[in-house]
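Participant: Okay, so here is data10.cif, and as you'll see once you scroll down, it has mmCIF, C-alpha atoms.
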```cif
data_entry
loop_
_atom_site.label_atom_id
_atom_site.label_comp_id
_atom_site.auth_asym_id
_atom_site.auth_seq_id
_atom_site.Cartn_x
_atom_site.Cartn_y
_atom_site.Cartn_z
CA MET A 1 0.00 0.00 0.00
CA HIS A 2 1.20 3.53 -0.72
CA THR A 3 -0.16 7.03 -0.67
CA GLN A 4 -1.26 8.89 -3.78
CA SER A 5 1.17 11.08 -5.66
CA PRO A 6 0.55 14.86 -5.44
CA THR A 7 -0.82 14.97 -8.99
CA VAL A 8 -3.22 12.12 -8.44
CA LEU A 9 -4.18 13.58 -5.06
CA ALA A 10 -5.14 16.91 -6.62
CA LEU A 11 -7.47 15.27 -9.13
CA LEU A 12 -8.77 12.73 -6.65
CA SER A 13 -9.51 15.27 -3.96
CA LEU A 14 -11.74 17.36 -6.19
CA SER A 15 -13.59 14.40 -7.71
CA LEU A 16 -14.11 12.75 -4.36
CA PHE A 17 -15.30 15.91 -2.70
CA THR A 18 -17.88 16.21 -5.46
CA ALA A 19 -18.83 12.55 -5.09
CA CYS A 20 -19.41 12.82 -1.39
CA SER A 21 -21.32 16.06 -1.56
CA ARG A 22 -23.84 15.50 -4.33
CA PRO A 23 -27.06 13.53 -3.87
CA THR A 24 -26.81 11.42 -7.01
CA ALA A 25 -26.34 7.69 -7.30
CA GLY A 26 -22.58 7.94 -7.68
CA LEU A 27 -20.34 10.37 -9.52
CA PRO A 28 -17.37 9.57 -11.77
CA GLY A 29 -13.77 10.02 -10.79
CA PRO A 30 -11.13 11.24 -13.25
CA ASP A 31 -11.07 7.97 -15.16
CA ASP A 32 -14.68 6.83 -14.74
CA ASP A 33 -16.12 5.62 -18.03
CA THR A 34 -19.46 4.35 -16.78
CA ASP A 35 -22.59 5.17 -18.71
CA GLY A 36 -25.82 6.96 -17.96
CA ALA A 37 -26.81 10.13 -16.19
CA ASN A 38 -24.08 11.70 -14.07
CA GLY A 39 -21.59 9.28 -15.57
CA ASN A 40 -23.10 6.09 -14.22
CA ASP A 41 -25.87 3.65 -14.93
CA THR A 42 -27.29 3.33 -11.46
CA ASP A 43 -31.00 2.60 -11.63
CA LEU A 44 -32.06 3.57 -8.14
CA PRO A 45 -35.26 5.59 -7.77
CA THR A 46 -34.86 9.30 -7.21
CA ASP A 47 -36.89 11.88 -5.38
CA SER A 48 -38.41 14.47 -7.67
CA GLY A 49 -38.31 17.08 -4.94
CA GLU A 50 -42.09 17.41 -5.29
CA ASP A 51 -44.55 16.61 -2.58
CA PRO A 52 -45.72 13.02 -2.75
CA ASP A 53 -49.28 12.05 -3.46
CA THR A 54 -50.95 12.94 -0.20
CA SER A 55 -53.43 10.14 -0.68
CA ASP A 56 -50.59 7.66 -0.18
CA THR A 57 -50.37 6.76 3.49
CA SER A 58 -47.52 4.28 3.27
CA THR A 59 -45.10 6.68 4.92
CA SER A 60 -47.33 7.19 7.91
CA PRO A 61 -46.92 5.07 11.04
CA ASP A 62 -50.70 5.28 11.42
CA SER A 63 -51.57 4.12 7.93
CA GLY A 64 -54.06 1.55 9.11
CA ASP A 65 -51.74 -1.43 8.99
CA SER A 66 -51.20 -1.62 12.75
CA PRO A 67 -52.84 -4.51 14.57
CA VAL A 68 -55.94 -3.73 16.61
CA ASP A 69 -55.34 -3.61 20.35
CA THR A 70 -57.74 -6.16 21.80
CA GLY A 71 -56.56 -5.67 25.34
CA GLU A 72 -55.34 -9.26 25.46
CA PRO A 73 -51.64 -10.03 26.02
CA SER A 74 -49.68 -11.12 22.99
CA ASP A 75 -46.26 -12.56 22.25
CA THR A 76 -45.00 -9.10 21.40
CA ASP A 77 -45.90 -7.87 24.87
CA THR A 78 -43.57 -10.33 26.56
CA ASP A 79 -40.34 -8.87 27.89
CA THR A 80 -37.64 -11.38 27.02
CA GLY A 81 -34.87 -9.42 28.69
CA ASP A 82 -32.94 -9.38 25.40
CA GLU A 83 -33.98 -5.91 24.29
CA PRO A 84 -31.00 -3.57 23.76
CA GLU A 85 -30.68 -0.58 26.01
CA PRO A 86 -32.01 2.67 24.54
CA PHE A 87 -29.25 5.01 23.45
CA GLU A 88 -28.06 7.92 25.54
CA GLN A 89 -26.36 10.35 23.20
CA ASP A 90 -25.70 14.06 23.29
CA MET A 91 -26.32 15.99 20.09
CA VAL A 92 -23.50 15.63 17.54
CA LYS A 93 -23.10 18.96 15.75
CA ALA A 94 -20.51 18.06 13.16
CA PHE A 95 -18.67 20.11 10.58
CA TYR A 96 -17.97 17.73 7.69
CA GLY A 97 -15.05 19.02 5.64
CA PRO A 98 -14.06 16.30 3.15
CA MET A 99 -10.63 17.85 2.52
CA MET A 100 -9.92 18.87 6.11
CA LEU A 101 -6.97 16.46 6.23
CA THR A 102 -5.21 18.67 3.68
CA GLU A 103 -3.73 21.56 5.62
CA GLY A 104 -4.85 24.91 4.28
CA ALA A 105 -7.45 23.41 1.95
CA HIS A 106 -10.35 24.81 3.92
CA PRO A 107 -10.95 28.26 5.42
CA TYR A 108 -12.29 26.74 8.63
CA SER A 109 -9.23 24.76 9.60
CA GLN A 110 -9.06 26.95 12.72
CA ARG A 111 -10.86 25.03 15.42
CA ASP A 112 -11.97 28.10 17.40
CA ASP A 113 -14.01 29.39 14.46
CA LEU A 114 -15.97 26.14 14.33
CA VAL A 115 -16.58 26.10 18.07
CA LEU A 116 -17.93 29.65 17.93
CA MET A 117 -20.37 28.60 15.22
CA GLY A 118 -21.73 25.91 17.52
CA PHE A 119 -19.98 22.79 16.23
CA ASN A 120 -18.71 20.18 18.70
CA THR A 121 -17.35 17.64 16.21
CA ILE A 122 -15.08 17.80 13.17
CA ASP A 123 -15.65 15.08 10.55
CA MET A 124 -12.76 14.36 8.18
CA ALA A 125 -12.47 11.95 5.27
CA GLN A 126 -9.82 9.39 4.41
CA TYR A 127 -10.00 8.06 0.84
CA VAL A 128 -9.16 4.38 0.32
CA LEU A 129 -8.70 2.82 -3.12
CA LEU A 130 -9.54 -0.88 -3.04
CA GLY A 131 -8.74 -3.62 -5.53
CA PRO A 132 -9.50 -7.33 -5.76
CA ASP A 133 -6.40 -8.15 -3.72
CA GLY A 134 -6.48 -5.47 -1.06
CA VAL A 135 -5.93 -1.77 -0.43
CA VAL A 136 -4.16 -0.21 -3.42
CA SER A 137 -3.56 3.24 -1.97
CA THR A 138 -4.81 5.84 0.47
CA THR A 139 -4.94 9.58 0.02
CA TYR A 140 -3.40 10.34 3.41
CA SER A 141 -0.65 8.51 5.25
CA GLU A 142 -0.95 7.61 8.92
CA GLN A 143 1.56 10.35 9.68
CA GLU A 144 -0.54 12.94 7.83
CA ILE A 145 -3.64 11.83 9.72
CA THR A 146 -1.70 12.03 12.99
CA ASP A 147 -0.36 15.51 12.27
CA THR A 148 -3.79 16.86 11.32
CA LEU A 149 -5.70 15.31 14.20
CA ASN A 150 -3.11 16.47 16.70
CA ARG A 151 -3.99 20.04 15.73
CA TYR A 152 -7.44 19.38 17.17
CA GLY A 153 -6.27 17.42 20.19
CA GLU A 154 -6.63 20.19 22.74
CA SER A 155 -9.77 21.81 21.31
CA GLU A 156 -13.38 21.37 22.30
CA LEU A 157 -13.98 19.52 19.03
CA ARG A 158 -14.27 15.76 18.93
CA VAL A 159 -12.96 14.05 15.82
CA SER A 160 -14.92 11.78 13.50
CA LEU A 161 -13.15 9.95 10.66
CA THR A 162 -15.08 8.83 7.59
CA PHE A 163 -13.69 6.28 5.10
CA ILE A 164 -14.65 6.88 1.45
CA VAL A 165 -13.79 4.06 -0.92
CA GLY A 166 -12.95 3.79 -4.59
CA TYR A 167 -12.34 0.66 -6.64
CA THR A 168 -9.97 -0.51 -9.36
CA ALA A 169 -10.73 -3.84 -11.00
CA THR A 170 -7.15 -4.21 -12.24
CA GLY A 171 -5.41 -3.10 -9.07
CA ASP A 172 -3.94 -0.17 -11.02
CA GLU A 173 -4.57 3.38 -9.83
CA ALA A 174 -4.99 4.49 -13.44
CA ASP A 175 -8.17 2.38 -13.62
CA ALA A 176 -9.69 3.75 -10.43
CA VAL A 177 -13.41 4.47 -10.29
CA TRP A 178 -14.83 6.66 -7.53
CA GLY A 179 -18.44 7.06 -6.48
CA SER A 180 -19.90 4.58 -8.94
CA GLN A 181 -21.52 1.20 -8.37
CA TYR A 182 -18.54 -1.09 -7.89
CA THR A 183 -20.42 -4.33 -8.50
CA ASP A 184 -20.72 -3.11 -12.11
CA GLN A 185 -16.92 -3.13 -12.17
CA GLY A 186 -16.89 -6.79 -11.12
CA ALA A 187 -16.19 -6.17 -7.43
CA ASP A 188 -16.88 -9.16 -5.21
CA ILE A 189 -18.69 -7.53 -2.30
CA GLU A 190 -17.54 -9.86 0.46
CA THR A 191 -13.91 -9.82 -0.66
CA VAL A 192 -13.52 -6.12 -1.41
CA LEU A 193 -15.36 -4.88 1.66
CA GLY A 194 -13.36 -7.39 3.66
CA HIS A 195 -10.24 -5.51 2.60
CA LEU A 196 -11.78 -2.30 3.92
CA THR A 197 -12.61 -3.97 7.21
CA GLN A 198 -9.02 -5.14 7.62
CA HIS A 199 -7.74 -1.67 6.80
CA MET A 200 -9.98 -0.10 9.45
CA VAL A 201 -9.11 -2.80 11.99
CA ASP A 202 -5.42 -2.07 11.43
CA LEU A 203 -6.09 1.62 12.15
CA VAL A 204 -7.90 1.04 15.45
CA PRO A 205 -4.73 1.47 17.58
CA LEU A 206 -3.96 4.77 15.83
CA ALA A 207 -7.55 6.00 16.20
CA GLU A 208 -7.45 5.18 19.90
CA ASP A 209 -4.10 6.92 20.36
CA LEU A 210 -5.49 10.04 18.65
CA ASP A 211 -8.72 9.99 20.68
CA VAL A 212 -10.88 9.65 17.58
CA TYR A 213 -14.54 9.70 18.61
CA GLN A 214 -16.26 8.11 15.61
CA LEU A 215 -15.32 5.86 12.69
CA SER A 216 -17.66 5.40 9.74
CA VAL A 217 -17.85 4.13 6.17
CA TYR A 218 -19.33 6.42 3.54
CA GLU A 219 -22.41 4.96 1.84
CA PRO A 220 -21.37 1.35 1.21
CA ASP A 221 -25.00 0.51 0.45
CA LEU A 222 -24.92 2.65 -2.70
CA LEU A 223 -21.51 1.49 -3.84
CA PHE A 224 -21.99 -2.23 -3.33
CA TYR A 225 -25.65 -3.09 -3.84
CA GLU A 226 -26.69 -5.64 -6.44
CA LYS A 227 -29.27 -5.50 -9.23
CA THR A 228 -30.70 -8.93 -8.62
CA ASN A 229 -34.23 -8.27 -7.35
CA THR A 230 -36.81 -9.22 -9.96
CA ASP A 231 -38.80 -6.01 -9.40
CA GLY A 232 -35.79 -3.87 -10.26
CA SER A 233 -35.24 -2.61 -6.72
CA PRO A 234 -31.70 -2.73 -5.30
CA ASN A 235 -30.64 -5.86 -3.45
CA PHE A 236 -28.67 -5.08 -0.29
CA ASP A 237 -28.29 -8.66 1.01
CA ALA A 238 -24.53 -8.91 0.59
CA VAL A 239 -23.69 -5.48 1.99
CA SER A 240 -26.12 -6.12 4.86
CA THR A 241 -24.24 -9.29 5.74
CA TRP A 242 -20.97 -7.36 5.58
CA SER A 243 -22.29 -4.68 7.92
CA GLN A 244 -22.49 -7.24 10.71
CA THR A 245 -19.18 -8.89 9.81
CA HIS A 246 -17.54 -5.46 9.85
CA LEU A 247 -19.12 -4.58 13.18
CA ALA A 248 -17.91 -7.82 14.78
CA ALA A 249 -14.37 -7.36 13.45
CA MET A 250 -14.16 -3.80 14.76
CA GLN A 251 -15.44 -4.89 18.14
CA ASP A 252 -12.95 -7.76 18.24
CA ALA A 253 -10.21 -5.21 17.55
CA GLY A 254 -11.28 -3.30 20.63
CA TRP A 255 -13.15 -0.46 18.96
CA GLY A 256 -16.07 0.45 21.18
CA ASP A 257 -14.51 -0.79 24.41
CA GLU A 258 -14.62 2.82 25.61
CA GLU A 259 -17.80 4.88 25.75
CA ASP A 260 -16.29 7.57 23.53
CA GLU A 261 -15.51 5.13 20.68
CA GLN A 262 -18.39 4.92 18.22
CA LEU A 263 -19.04 3.13 14.94
CA ILE A 264 -21.45 4.96 12.61
CA TRP A 265 -23.25 3.68 9.50
CA LYS A 266 -23.57 6.41 6.87
CA PHE A 267 -26.30 5.47 4.44
CA GLY A 268 -26.61 6.69 0.89
CA TYR A 269 -30.24 6.94 1.93
CA TYR A 270 -30.86 10.00 -0.19
CA TYR A 271 -30.62 7.73 -3.19
CA VAL A 272 -33.29 5.41 -1.85
CA PRO A 273 -35.95 7.96 -0.91
CA PRO A 274 -39.72 7.95 -1.04
CA THR A 275 -40.54 7.64 -4.74
CA ALA A 276 -42.55 10.17 -6.69
CA SER A 277 -45.71 8.18 -5.93
CA GLY A 278 -45.09 8.54 -2.21
CA SER A 279 -44.20 4.92 -1.48
CA ASN A 280 -40.93 3.96 0.20
CA VAL A 281 -38.08 1.77 -0.94
CA PRO A 282 -37.18 -0.18 2.22
CA ILE A 283 -33.73 -0.03 3.75
CA ASP A 284 -33.06 -3.76 3.79
CA ILE A 285 -29.78 -3.55 5.68
CA ASP A 286 -29.09 -4.89 9.14
CA PHE A 287 -27.31 -2.05 10.94
CA SER A 288 -28.22 -3.23 14.41
CA GLY A 289 -25.35 -2.96 16.88
CA TYR A 290 -23.99 0.27 15.41
CA ASP A 291 -23.92 3.26 17.73
CA GLY A 292 -25.57 5.55 15.23
CA ALA A 293 -26.73 5.68 11.63
CA GLY A 294 -27.83 8.38 9.26
CA PHE A 295 -28.58 9.46 5.73
CA SER A 296 -27.53 12.18 3.29
CA LEU A 297 -29.51 14.90 1.60
CA SER A 298 -28.61 18.10 -0.14
CA ALA A 299 -30.14 21.00 -2.00
CA GLU A 300 -29.83 20.17 -5.70
CA ASP A 301 -30.31 21.97 -8.99
CA GLU A 302 -33.03 19.54 -10.06
CA SER A 303 -35.35 20.71 -7.27
CA TRP A 304 -34.60 24.45 -7.55
CA GLU A 305 -37.42 26.96 -7.77
CA GLU A 306 -36.74 30.61 -8.52
CA ASP A 307 -38.96 31.75 -5.66
CA ALA A 308 -36.89 30.96 -2.56
CA GLU A 309 -39.97 30.79 -0.37
CA VAL A 310 -41.63 28.23 -2.63
CA TRP A 311 -38.46 26.14 -2.84
CA SER A 312 -38.01 26.34 0.94
CA SER A 313 -41.48 24.87 1.50
CA ILE A 314 -40.82 22.00 -0.90
CA TYR A 315 -37.45 21.20 0.63
CA ALA A 316 -38.67 21.40 4.22
CA ASN A 317 -41.41 18.92 3.32
CA GLN A 318 -38.80 16.58 1.86
CA VAL A 319 -36.68 16.79 5.02
CA ASP A 320 -39.73 16.02 7.18
CA ARG A 321 -40.56 12.94 5.09
CA PHE A 322 -37.01 11.67 5.30
CA LEU A 323 -36.90 12.08 9.07
CA ALA A 324 -40.13 10.11 9.40
CA HIS A 325 -39.06 7.34 7.03
CA PHE A 326 -35.63 6.89 8.55
CA SER A 327 -36.93 6.85 12.12
CA GLU A 328 -39.25 4.00 11.15
CA SER A 329 -36.32 2.08 9.67
CA LEU A 330 -34.20 1.91 12.84
CA PRO A 331 -33.53 -1.68 13.95
CA ASP A 332 -34.04 -0.99 17.64
CA ALA A 333 -33.90 1.69 20.31
CA SER A 334 -30.14 1.38 20.83
CA VAL A 335 -29.16 2.94 17.46
CA TRP A 336 -29.40 6.72 17.40
CA PRO A 337 -30.44 8.36 14.13
CA ALA A 338 -28.76 11.31 12.43
CA ILE A 339 -28.52 13.28 9.23
CA THR A 340 -24.94 12.36 8.45
CA GLU A 341 -24.59 14.81 5.55
CA PHE A 342 -26.55 17.91 4.60
CA GLY A 343 -25.88 21.16 2.84
CA VAL A 344 -25.91 22.69 -0.64
CA GLY A 345 -23.28 20.52 -2.26
CA ASP A 346 -25.31 20.09 -5.46
CA ALA A 347 -26.21 23.74 -5.86
CA SER A 348 -23.92 24.51 -8.76
CA CYS A 349 -24.13 28.28 -9.20
CA GLY A 350 -25.37 31.27 -7.30
CA SER A 351 -24.57 34.24 -5.10
CA TRP A 352 -21.05 32.95 -4.43
CA SER A 353 -20.16 32.47 -8.11
CA SER A 354 -17.97 34.72 -10.21
CA PRO A 355 -19.81 37.43 -12.19
CA ASP A 356 -18.09 35.99 -15.24
CA ASP A 357 -19.82 32.65 -14.64
CA PRO A 358 -23.46 33.04 -15.73
CA CYS A 359 -26.00 30.91 -13.87
CA ASP A 360 -28.92 29.22 -15.57
CA ILE A 361 -30.05 28.24 -12.06
CA TYR A 362 -29.20 30.91 -9.51
CA TRP A 363 -29.15 30.04 -5.80
CA THR A 364 -29.56 33.20 -3.75
CA GLU A 365 -28.42 33.58 -0.15
CA GLU A 366 -32.08 33.13 0.78
CA HIS A 367 -32.10 29.73 -0.94
CA VAL A 368 -28.92 28.67 0.85
CA ILE A 369 -30.15 29.82 4.26
CA ALA A 370 -33.40 27.92 3.68
CA ALA A 371 -31.46 24.73 2.84
CA PHE A 372 -29.62 24.76 6.16
CA GLU A 373 -32.64 25.92 8.14
CA ALA A 374 -34.83 23.14 6.71
CA VAL A 375 -32.57 20.55 8.30
CA LEU A 376 -31.68 22.28 11.57
CA GLU A 377 -35.23 23.44 12.27
CA GLY A 378 -36.68 20.19 10.96
CA VAL A 379 -34.62 18.14 13.40
CA GLN A 380 -35.42 20.52 16.26
CA LYS A 381 -39.18 20.35 15.61
CA TRP A 382 -39.03 16.57 15.20
CA ASN A 383 -37.25 16.12 18.51
CA ASP A 384 -39.76 18.40 20.23
CA THR A 385 -42.68 16.21 19.22
CA GLU A 386 -41.49 12.66 18.54
CA GLU A 387 -40.28 9.87 20.80
CA THR A 388 -37.38 8.88 18.53
CA GLN A 389 -34.74 11.56 18.89
CA PHE A 390 -32.30 12.46 16.12
CA ARG A 391 -28.92 12.93 17.77
CA GLY A 392 -26.65 14.11 14.99
CA VAL A 393 -26.41 16.67 12.19
CA TYR A 394 -23.31 16.68 9.95
CA LEU A 395 -23.04 19.86 7.91
CA LEU A 396 -21.13 19.42 4.66
CA ASP A 397 -19.08 22.40 3.55
CA SER A 398 -17.11 22.87 0.34
CA PRO A 399 -13.61 24.25 -0.02
CA PRO A 400 -13.93 27.53 -1.95
CA ASP A 401 -11.73 26.39 -4.83
CA THR A 402 -14.34 23.80 -5.87
CA GLY A 403 -16.66 26.52 -7.18
CA LEU A 404 -19.42 25.28 -4.87
CA PHE A 405 -20.89 27.22 -1.97
CA SER A 406 -18.73 27.50 1.14
CA ILE A 407 -20.00 29.00 4.37
CA ALA A 408 -16.95 31.27 4.15
CA ASP A 409 -18.80 33.01 1.30
CA SER A 410 -21.59 34.46 3.42
CA ALA A 411 -21.71 35.98 6.91
CA VAL A 412 -25.52 35.85 6.98
CA VAL A 413 -25.47 32.14 6.23
CA ARG A 414 -22.92 31.57 9.00
CA ASP A 415 -25.11 33.53 11.41
CA SER A 416 -28.13 31.43 10.45
CA ILE A 417 -26.18 28.20 10.98
CA GLN A 418 -24.94 29.40 14.36
CA GLU A 419 -28.49 30.19 15.42
CA GLY A 420 -29.77 26.82 14.23
CA MET A 421 -26.98 24.91 15.97
CA ALA A 422 -27.60 26.76 19.23
CA ALA A 423 -31.26 25.69 19.20
CA LEU A 424 -30.39 21.99 18.92
CA GLU A 425 -29.96 20.11 22.17
#
```
Show me, as structure tokens, the structure contained in the file I just sent.

Facilitator:
Amino acid sequence: MHTQSPTVLALLSLSLFTACSRPTAGLPGPDDDTDGANGNDTDLPTDSGEDPDTSDTSTSPDSGDSPVDTGEPSDTDTDTGDEPEPFEQDMVKAFYGPMMLTEGAHPYSQRDDLVLMGFNTIDMAQYVLLGPDGVVSTTYSEQEITDTLNRYGESELRVSLTFIVGYTATGDEADAVWGSQYTDQGADIETVLGHLTQHMVDLVPLAEDLDVYQLSVYEPDLLFYEKTNTDGSPNFDAVSTWSQTHLAAMQDAGWGDEEDEQLIWKFGYYYVPPTASGSNVPIDIDFSGYDGAGFSLSAEDESWEEDAEVWSSIYANQVDRFLAHFSESLPDASVWPAITEFGVGDASCGSWSSPDDPCDIYWTEEHVIAAFEAVLEGVQKWNDTEETQFRGVYLLDSPPDTGLFSIADSAVVRDSIQEGMAALE
């Protein structure tokens, strides 16, 4: 295994930041030659951004499918003593900067600025290129991870480390594909994800030495699902089996022995949303035993409306539906739910753009504020009224040189985020 060269790193960093910030079913890396929209042929359903048919009650927990309470005891009323303990988790207010491990790549590398905005966790990404025979390369060396994380060691910020994977069928970096569906590249799910597990197991001692708070894998469900269901829906059986194998291996390595060591499952749930008809595609993945789990969503050009107030209403409705759907998908009361990525990573042009760069779709500051408020206020209102409590929000921010919105571009957006974070408890 070796680290990427500077040239490869520069290309990889930009493509991977885009891949992990846009709510599409996988984006191409520099050498991705897959077909279809957005450079891939993923056939997952997408959310139109419109309100679902309100006559569809499948997303409601009171849709009429619940058994009638006869007053008689039933098997489900029996306490077996095997129920997991409900989670006790303070609110994770995370700043997710995909390139934060590159010094100087982000304007908010100064920890005090993030604390003042209300964040208590910094989420960084390590990029791992996998091949049939093992880990081909990583973007950052262990020494680079150590140096970066040590800069946060004495701050009030906890550190979360997310692993984003790419795949090369030949084992050659030149053939790397990032953010696509790797089973289309011939990846054997059990074997390839097994290499990732071993890589993460090997890093447990380092993570413990650096007081890392959380370890997570970025959207393995979207990268490793199969197209084997006869109805055309994605088949998650293999990646679901791996989720439990991975969990057991990490626990055997000692991760989780301390209360401040957590393993998080980051779903590509945005890509498996309620369909346009209002019905849900089920999350058929066993993520029981994980400390927390969450999904991604982002403001995107496809859902944009020129009137910011109209768009805000549509997007807030979408957030509310996702919160409801995901809360119903939790395996048990021990796994705390979160929105593990949110922001405006797929808003391509707007108030932050150069005047020389004309925008066909123009995102105003009002649009951007509404995107962040929809999530922060949506979670707050949900927690005020519902039994299941969301315990994490991970705000994705873009380095300015990507051409995407960065919170460094707008003081009013930063103020809005600070206000929203302060209201979350």

Participant: What does the distance from CA of Asp397 (chain A) to CA of Met100 (chain A) come to in Å, to one decimal?

Facilitator: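 Straight-line distance from CA of Asp397 (chain A) to CA of Met100 (chain A) works out to 10.1 Å.
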
Participant: Between A:Ala169, A:Leu215, A:Leu424, A:Leu130, which residue has the minimum interatomic distance to Lys381 (chain A), considering only C-alpha atoms?

Facilitator: A:Leu424

Participant: Just give me the gap between CA of Phe267 (chain A) and CA of Gly294 (chain A) in Å, one decimal is fine.

Facilitator: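 About the pair CA of Phe267 (chain A) and CA of Gly294 (chain A): they are 5.8 Å apart.
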
Participant: Which residues are close to Glu219 (chain A), i.e. within 7 Å by all atoms listed in the file, leaving aside same-chain residues fewer than 4 positions away? Reply as a short mmCIF file (atom, residue, chain, number, x, y, z; two decimals) with C-alpha atoms, in the frame of the given file.

Facilitator:
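Result saved to out_19.cif:
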```
data_model
loop_
_atom_site.label_atom_id
_atom_site.label_comp_id
_atom_site.auth_asym_id
_atom_site.auth_seq_id
_atom_site.Cartn_x
_atom_site.Cartn_y
_atom_site.Cartn_z
CA LEU A 223 -21.51 1.49 -3.84
CA LYS A 266 -23.57 6.41 6.87
CA PHE A 267 -26.30 5.47 4.44
CA GLY A 268 -26.61 6.69 0.89
#
```

Participant: Nearest residue to Ser155 (chain A) out of A:Glu425, A:Asp252, A:Asp260, A:Asp113, using all atoms listed in the file?

Facilitator: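 Checking each of A:Glu425, A:Asp252, A:Asp260, A:Asp113 against Ser155 (chain A), counting all atoms listed in the file, the winner is A:Asp113.
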
Participant: List the residues matched by the PyMOL selection byres ((chain A and resi 403-410) around 8) in the displayed structure as a list in words, ordered by chain and then by residue number.

Facilitator: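 Checking the PyMOL selection byres ((chain A and resi 403-410) around 8) against this file, the residues are Pro107, Tyr108, Val344, Gly345, Asp346, Ala347, Ser348, Cys349, Trp352, Ser353, Glu365, Asp397, Ser398, Pro399, Pro400, Asp401, Thr402, Ala411, Val412, Val413 and Arg414 of chain A.
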
Participant: Fewer than 6 positions away in the same chain doesn't count, so skip those; otherwise give me all residues within 8 Å of Leu395 (chain A), counting all atoms listed in the file, as a list in words.

Facilitator: Lys93, Ala94, Phe95, Tyr96, Thr340, Glu341, Phe342 and Gly343 of chain A
